[in-house]
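This is coords-v6.cif (mmCIF, C-alpha atoms).
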```cif
data_my_file
#
loop_
_atom_site.label_atom_id
_atom_site.label_comp_id
_atom_site.auth_asym_id
_atom_site.auth_seq_id
_atom_site.Cartn_x
_atom_site.Cartn_y
_atom_site.Cartn_z
CA MET W 1 -98.42 12.48 -51.73
CA ASN W 2 -95.78 13.29 -54.26
CA PHE W 3 -92.23 11.87 -54.44
CA SER W 4 -90.58 14.68 -52.51
CA GLN W 5 -93.01 14.27 -49.64
CA ARG W 6 -92.46 10.51 -49.62
CA LEU W 7 -88.65 10.98 -49.57
CA GLY W 8 -88.85 13.47 -46.69
CA LEU W 9 -91.08 11.13 -44.71
CA PHE W 10 -88.67 8.25 -45.31
CA ILE W 11 -85.71 10.29 -44.10
CA LEU W 12 -87.66 11.41 -41.02
CA ILE W 13 -88.55 7.79 -40.18
CA LEU W 14 -84.91 6.70 -40.67
CA ILE W 15 -83.67 9.45 -38.34
CA SER W 16 -86.28 8.50 -35.74
CA ILE W 17 -85.30 4.81 -35.85
CA THR W 18 -81.59 5.70 -35.54
CA TYR W 19 -82.28 7.97 -32.58
CA VAL W 20 -84.38 5.37 -30.79
CA TYR W 21 -81.76 2.63 -31.42
CA PHE W 22 -78.85 4.60 -30.03
CA SER W 23 -80.95 5.96 -27.14
CA PHE W 24 -81.93 2.51 -25.81
CA TRP W 25 -79.28 0.09 -27.08
CA GLY W 26 -76.33 2.28 -28.02
CA LYS W 27 -75.19 2.60 -24.36
CA ASN W 28 -74.13 -1.05 -24.32
CA ILE W 29 -71.88 -0.60 -27.30
CA LYS W 30 -68.26 -0.30 -26.21
CA LEU W 31 -65.98 1.39 -28.58
CA PRO W 32 -62.34 0.29 -28.46
CA GLU W 33 -60.47 2.38 -25.91
CA GLN W 34 -57.30 4.09 -26.90
CA ASN W 35 -54.41 3.26 -24.58
CA ASN W 36 -52.73 6.51 -23.75
CA GLN W 37 -50.29 4.89 -21.34
CA THR W 38 -46.78 4.58 -22.64
CA GLU W 39 -44.83 1.48 -21.77
CA GLU W 40 -41.35 2.17 -20.40
CA VAL W 41 -38.70 0.23 -22.23
CA ASP W 42 -35.18 -0.11 -20.84
CA VAL W 43 -33.00 0.67 -23.83
CA TYR W 44 -29.27 -0.08 -23.61
CA ASN W 45 -27.34 3.09 -24.16
CA PRO W 46 -23.63 2.38 -24.74
CA LEU W 47 -22.64 6.00 -24.08
CA GLU W 48 -24.48 5.99 -20.77
CA GLN W 49 -22.85 2.67 -19.82
CA ILE W 50 -19.40 4.04 -20.65
CA SER W 51 -20.12 7.05 -18.44
CA LYS W 52 -21.22 4.80 -15.56
CA ASN W 53 -18.10 2.64 -15.91
CA SER W 54 -15.91 5.74 -16.03
CA ASN W 55 -17.49 7.15 -12.87
CA GLN W 56 -17.09 3.81 -11.11
CA GLN W 57 -13.43 3.67 -12.07
CA LYS W 58 -12.93 7.22 -10.79
CA GLU W 59 -14.52 6.28 -7.46
CA GLU W 60 -12.28 3.22 -7.21
CA LYS W 61 -9.22 5.33 -8.01
CA ASN W 62 -10.20 7.74 -5.25
CA TYR W 63 -9.86 4.84 -2.80
CA LYS W 64 -6.42 3.85 -4.11
CA LYS W 65 -3.23 5.64 -3.20
CA ASN W 66 0.30 4.74 -4.24
CA VAL W 67 2.91 4.59 -1.50
CA LYS W 68 6.64 3.99 -1.82
CA ILE W 69 8.87 1.70 0.17
CA TYR W 70 12.64 1.37 -0.13
CA ILE W 71 14.34 -2.00 -0.37
CA LEU W 72 17.82 -3.14 -1.25
CA TYR W 73 18.68 -4.04 -4.82
CA LYS W 74 21.38 -6.57 -5.74
CA THR W 75 23.69 -3.70 -6.73
CA GLY W 76 23.76 -2.62 -3.09
CA GLU W 77 21.62 0.49 -3.61
CA LEU W 78 18.21 1.25 -2.14
CA HIS W 79 15.42 1.46 -4.71
CA SER W 80 11.80 2.44 -4.30
CA VAL W 81 8.99 0.05 -5.18
CA ASN W 82 5.31 0.88 -5.19
CA ARG W 83 2.52 -0.47 -3.07
CA VAL W 84 -1.18 0.39 -3.43
CA CYS W 85 -2.95 1.54 -0.27
CA ASP W 86 -6.72 1.03 -0.18
CA THR W 87 -7.99 3.98 1.86
CA SER W 88 -11.38 2.33 2.29
CA THR W 89 -9.80 -0.39 4.46
CA GLU W 90 -6.53 1.12 5.73
CA LYS W 91 -6.78 3.69 8.50
CA SER W 92 -3.40 5.19 7.53
CA CYS W 93 -1.46 4.88 4.29
CA PHE W 94 1.71 5.93 6.11
CA GLU W 95 1.36 3.04 8.55
CA TYR W 96 0.51 0.77 5.61
CA ALA W 97 3.79 1.76 3.93
CA ILE W 98 5.80 0.91 7.06
CA LYS W 99 3.95 -2.39 7.39
CA GLU W 100 4.70 -3.25 3.76
CA LEU W 101 8.35 -2.32 4.28
CA LEU W 102 8.63 -4.77 7.18
CA ASN W 103 7.04 -7.50 5.01
CA ALA W 104 9.13 -6.75 1.90
CA PRO W 105 10.31 -8.03 -0.47
CA THR W 106 7.62 -10.01 -2.27
CA LYS W 107 8.42 -13.29 -4.02
CA TRP W 108 8.53 -11.50 -7.36
CA GLU W 109 10.89 -8.85 -5.97
CA LYS W 110 13.16 -11.53 -4.47
CA SER W 111 13.33 -13.29 -7.84
CA HIS W 112 14.44 -10.00 -9.42
CA GLY W 113 17.28 -9.31 -7.01
CA PHE W 114 15.60 -7.31 -4.24
CA ALA W 115 16.20 -7.88 -0.53
CA SER W 116 15.78 -6.13 2.81
CA GLU W 117 18.10 -5.64 5.78
CA ILE W 118 15.17 -5.32 8.21
CA PRO W 119 15.21 -8.53 10.27
CA ASN W 120 12.34 -10.99 9.99
CA GLY W 121 10.05 -10.78 12.99
CA THR W 122 10.28 -7.00 13.31
CA LYS W 123 6.82 -5.75 14.26
CA ILE W 124 5.05 -2.44 14.45
CA ILE W 125 4.17 -1.71 18.06
CA SER W 126 2.41 1.50 17.09
CA VAL W 127 2.35 4.35 14.60
CA ARG W 128 1.12 7.57 16.17
CA GLU W 129 0.22 10.37 13.79
CA SER W 130 -0.67 13.94 14.67
CA ASP W 131 -0.87 17.20 12.77
CA LYS W 132 2.72 18.00 13.75
CA SER W 133 4.67 14.73 13.73
CA ILE W 134 4.63 10.95 13.37
CA MET W 135 6.13 8.40 15.76
CA ILE W 136 7.05 4.89 14.59
CA ASP W 137 7.52 2.41 17.42
CA LEU W 138 9.11 -0.90 16.34
CA SER W 139 9.87 -4.08 18.25
CA SER W 140 13.43 -4.84 19.45
CA GLU W 141 14.00 -7.29 16.55
CA PHE W 142 14.70 -4.25 14.39
CA GLU W 143 18.15 -3.70 15.93
CA MET W 144 19.20 -7.35 16.23
CA GLY W 145 22.05 -8.95 14.24
CA GLY W 146 23.65 -8.12 10.93
CA GLY W 147 26.49 -5.84 11.95
CA ALA W 148 26.95 -2.09 11.56
CA GLU W 149 26.50 -1.95 7.76
CA SER W 150 23.24 -3.87 7.95
CA ILE W 151 21.89 -1.60 10.69
CA TYR W 152 22.83 1.51 8.69
CA THR W 153 20.96 0.10 5.69
CA ARG W 154 17.79 -0.83 7.61
CA ILE W 155 17.67 2.61 9.24
CA LYS W 156 18.03 4.20 5.79
CA GLN W 157 15.15 2.02 4.58
CA ILE W 158 12.98 3.43 7.34
CA ILE W 159 14.15 7.01 6.71
CA LYS W 160 13.60 6.93 2.95
CA THR W 161 10.24 5.17 3.24
CA ALA W 162 9.02 7.59 5.91
CA ASN W 163 10.13 10.71 4.05
CA ALA W 164 8.61 9.43 0.77
CA ASN W 165 5.16 9.18 2.34
CA THR W 166 4.90 12.27 4.55
CA ASN W 167 6.24 15.78 4.90
CA LEU W 168 5.87 15.68 8.69
CA PRO W 169 8.79 15.07 11.06
CA VAL W 170 9.11 11.33 11.81
CA TYR W 171 10.61 9.89 14.98
CA LEU W 172 11.79 6.31 15.41
CA TYR W 173 11.23 4.46 18.69
CA ILE W 174 12.26 0.96 19.73
CA ASN W 175 10.04 -0.70 22.35
CA GLY W 176 8.62 2.65 23.43
CA LYS W 177 11.96 4.50 23.71
CA GLN W 178 13.25 7.04 21.24
CA ALA W 179 16.00 5.32 19.24
CA ASN W 180 18.90 7.73 19.40
CA VAL W 181 21.37 4.83 19.63
CA ILE W 182 20.68 1.59 17.77
CA GLY W 183 22.27 -1.87 17.89
CA GLY W 184 25.18 -3.36 19.76
CA GLU W 185 27.56 -1.19 17.75
CA GLY W 186 25.92 1.89 19.22
CA ILE W 187 25.02 3.61 15.96
CA MET W 188 23.79 7.10 16.74
CA ILE W 189 21.02 8.77 14.75
CA LYS W 190 19.65 12.28 14.88
CA GLN W 191 15.89 12.73 15.01
CA PRO W 192 13.54 13.51 13.40
CA LEU W 193 14.55 11.06 10.70
CA SER W 194 16.15 12.61 7.62
CA GLU W 195 19.02 12.07 5.19
CA LYS W 196 21.20 13.92 7.71
CA SER W 197 20.36 11.62 10.64
CA PHE W 198 23.83 10.05 10.50
CA ASP W 199 25.74 13.34 10.28
CA GLU W 200 27.94 14.08 13.28
#
```
Produce structure tokens that represent the structure in this file.
Amino acid sequence: MNFSQRLGLFILILISITYVYFSFWGKNIKLPEQNNQTEEVDVYNPLEQISKNSNQQKEEKNYKKNVKIYILYKTGELHSVNRVCDTSTEKSCFEYAIKELLNAPTKWEKSHGFASEIPNGTKIISVRESDKSIMIDLSSEFEMGGGAESIYTRIKQIIKTANANTNLPVYLYINGKQANVIGGEGIMIKQPLSEKSFDE
């Protein structure tokens, strides 16, 4: 047997041994598995956060509505001040404005020379709103005390506040009756409320 034959036989034996080894024992060999699953990582994205904050602020702004009320300044003139109506909690921003007018002025406004001629204790009996008009019904405290000038001023506060917060006709009632004559002085007003309500 020459060298080439010996080499061929050796290779044949080596192949046979390899085949037998992998056939009987190779099945138990576990090759490392490749993990194809990708792990999700929550990465902070400042641009995305800014967008979320902006959307949240827009939603909050959608719930907020500015209303105006008119109170008396130390110069003797009526001036408007703002209040913020939260539409998520208030059923009517118009009614909210009237309620804030009856409670005005705030401590800060008082310290800066604001006052109101609407008597303390005046309450809202009801505010009825429809597609065609609004009716404000106030308690009898509204027309008590202060004299003619004071009553004129408090009625003007109601008129200006009402007209600043709706385009609908507004009617004033006292204890369930339309207030065409107010106070002991018998001040007459034309309704619906407007800047011409005192015109003869």
Could you list the residues chosen by the PyMOL selection byres ((chain W and resi 179) around 10) in this structure as a list in words?
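That expression, the PyMOL selection byres ((chain W and resi 179) around 10), corresponds here to Asp137, Leu138, Glu143, Tyr171, Leu172, Tyr173, Ile174, Asn175, Gly176, Lys177, Gln178, Asn180, Val181, Ile182, Gly183, Ile187, Met188, Ile189, Lys190 and Gln191 of chain W.
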May I ask which of the residues W:Pro169, W:Ser133, W:Lys196, W:Glu109 is the closest one to His79 of chain W, counting only C-alpha atoms?
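Closest to His79 of chain W, using only C-alpha atoms: W:Glu109.
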Between atom CA of Asp199 of chain W and atom CA of Arg154 of chain W - distance in Å to one decimal:
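That distance, rounded to one decimal, is 16.5 Å.
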As a check of understanding, name the residues that the PyMOL selection byres ((chain W and resi 77) around 12) selects in the supplied structure, as an mmCIF file with C-alpha atoms, in the coordinates of the input.
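This went into part09.cif:
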```cif
data_model
loop_
_atom_site.group_PDB
_atom_site.id
_atom_site.type_symbol
_atom_site.label_atom_id
_atom_site.label_comp_id
_atom_site.auth_asym_id
_atom_site.auth_seq_id
_atom_site.Cartn_x
_atom_site.Cartn_y
_atom_site.Cartn_z
ATOM 1 C CA TYR W 70 12.640 1.370 -0.130
ATOM 2 C CA ILE W 71 14.340 -2.000 -0.370
ATOM 3 C CA LEU W 72 17.820 -3.140 -1.250
ATOM 4 C CA TYR W 73 18.680 -4.040 -4.820
ATOM 5 C CA LYS W 74 21.380 -6.570 -5.740
ATOM 6 C CA THR W 75 23.690 -3.700 -6.730
ATOM 7 C CA GLY W 76 23.760 -2.620 -3.090
ATOM 8 C CA LEU W 78 18.210 1.250 -2.140
ATOM 9 C CA HIS W 79 15.420 1.460 -4.710
ATOM 10 C CA SER W 80 11.800 2.440 -4.300
ATOM 11 C CA GLY W 113 17.280 -9.310 -7.010
ATOM 12 C CA PHE W 114 15.600 -7.310 -4.240
ATOM 13 C CA ALA W 115 16.200 -7.880 -0.530
ATOM 14 C CA SER W 116 15.780 -6.130 2.810
ATOM 15 C CA GLU W 117 18.100 -5.640 5.780
ATOM 16 C CA THR W 153 20.960 0.100 5.690
ATOM 17 C CA ARG W 154 17.790 -0.830 7.610
ATOM 18 C CA LYS W 156 18.030 4.200 5.790
ATOM 19 C CA GLN W 157 15.150 2.020 4.580
#
```
Could you state the separation of atom CA of Glu100 of chain W and atom CA of Lys68 of chain W in Å, given to one decimal place?
9.3 Å
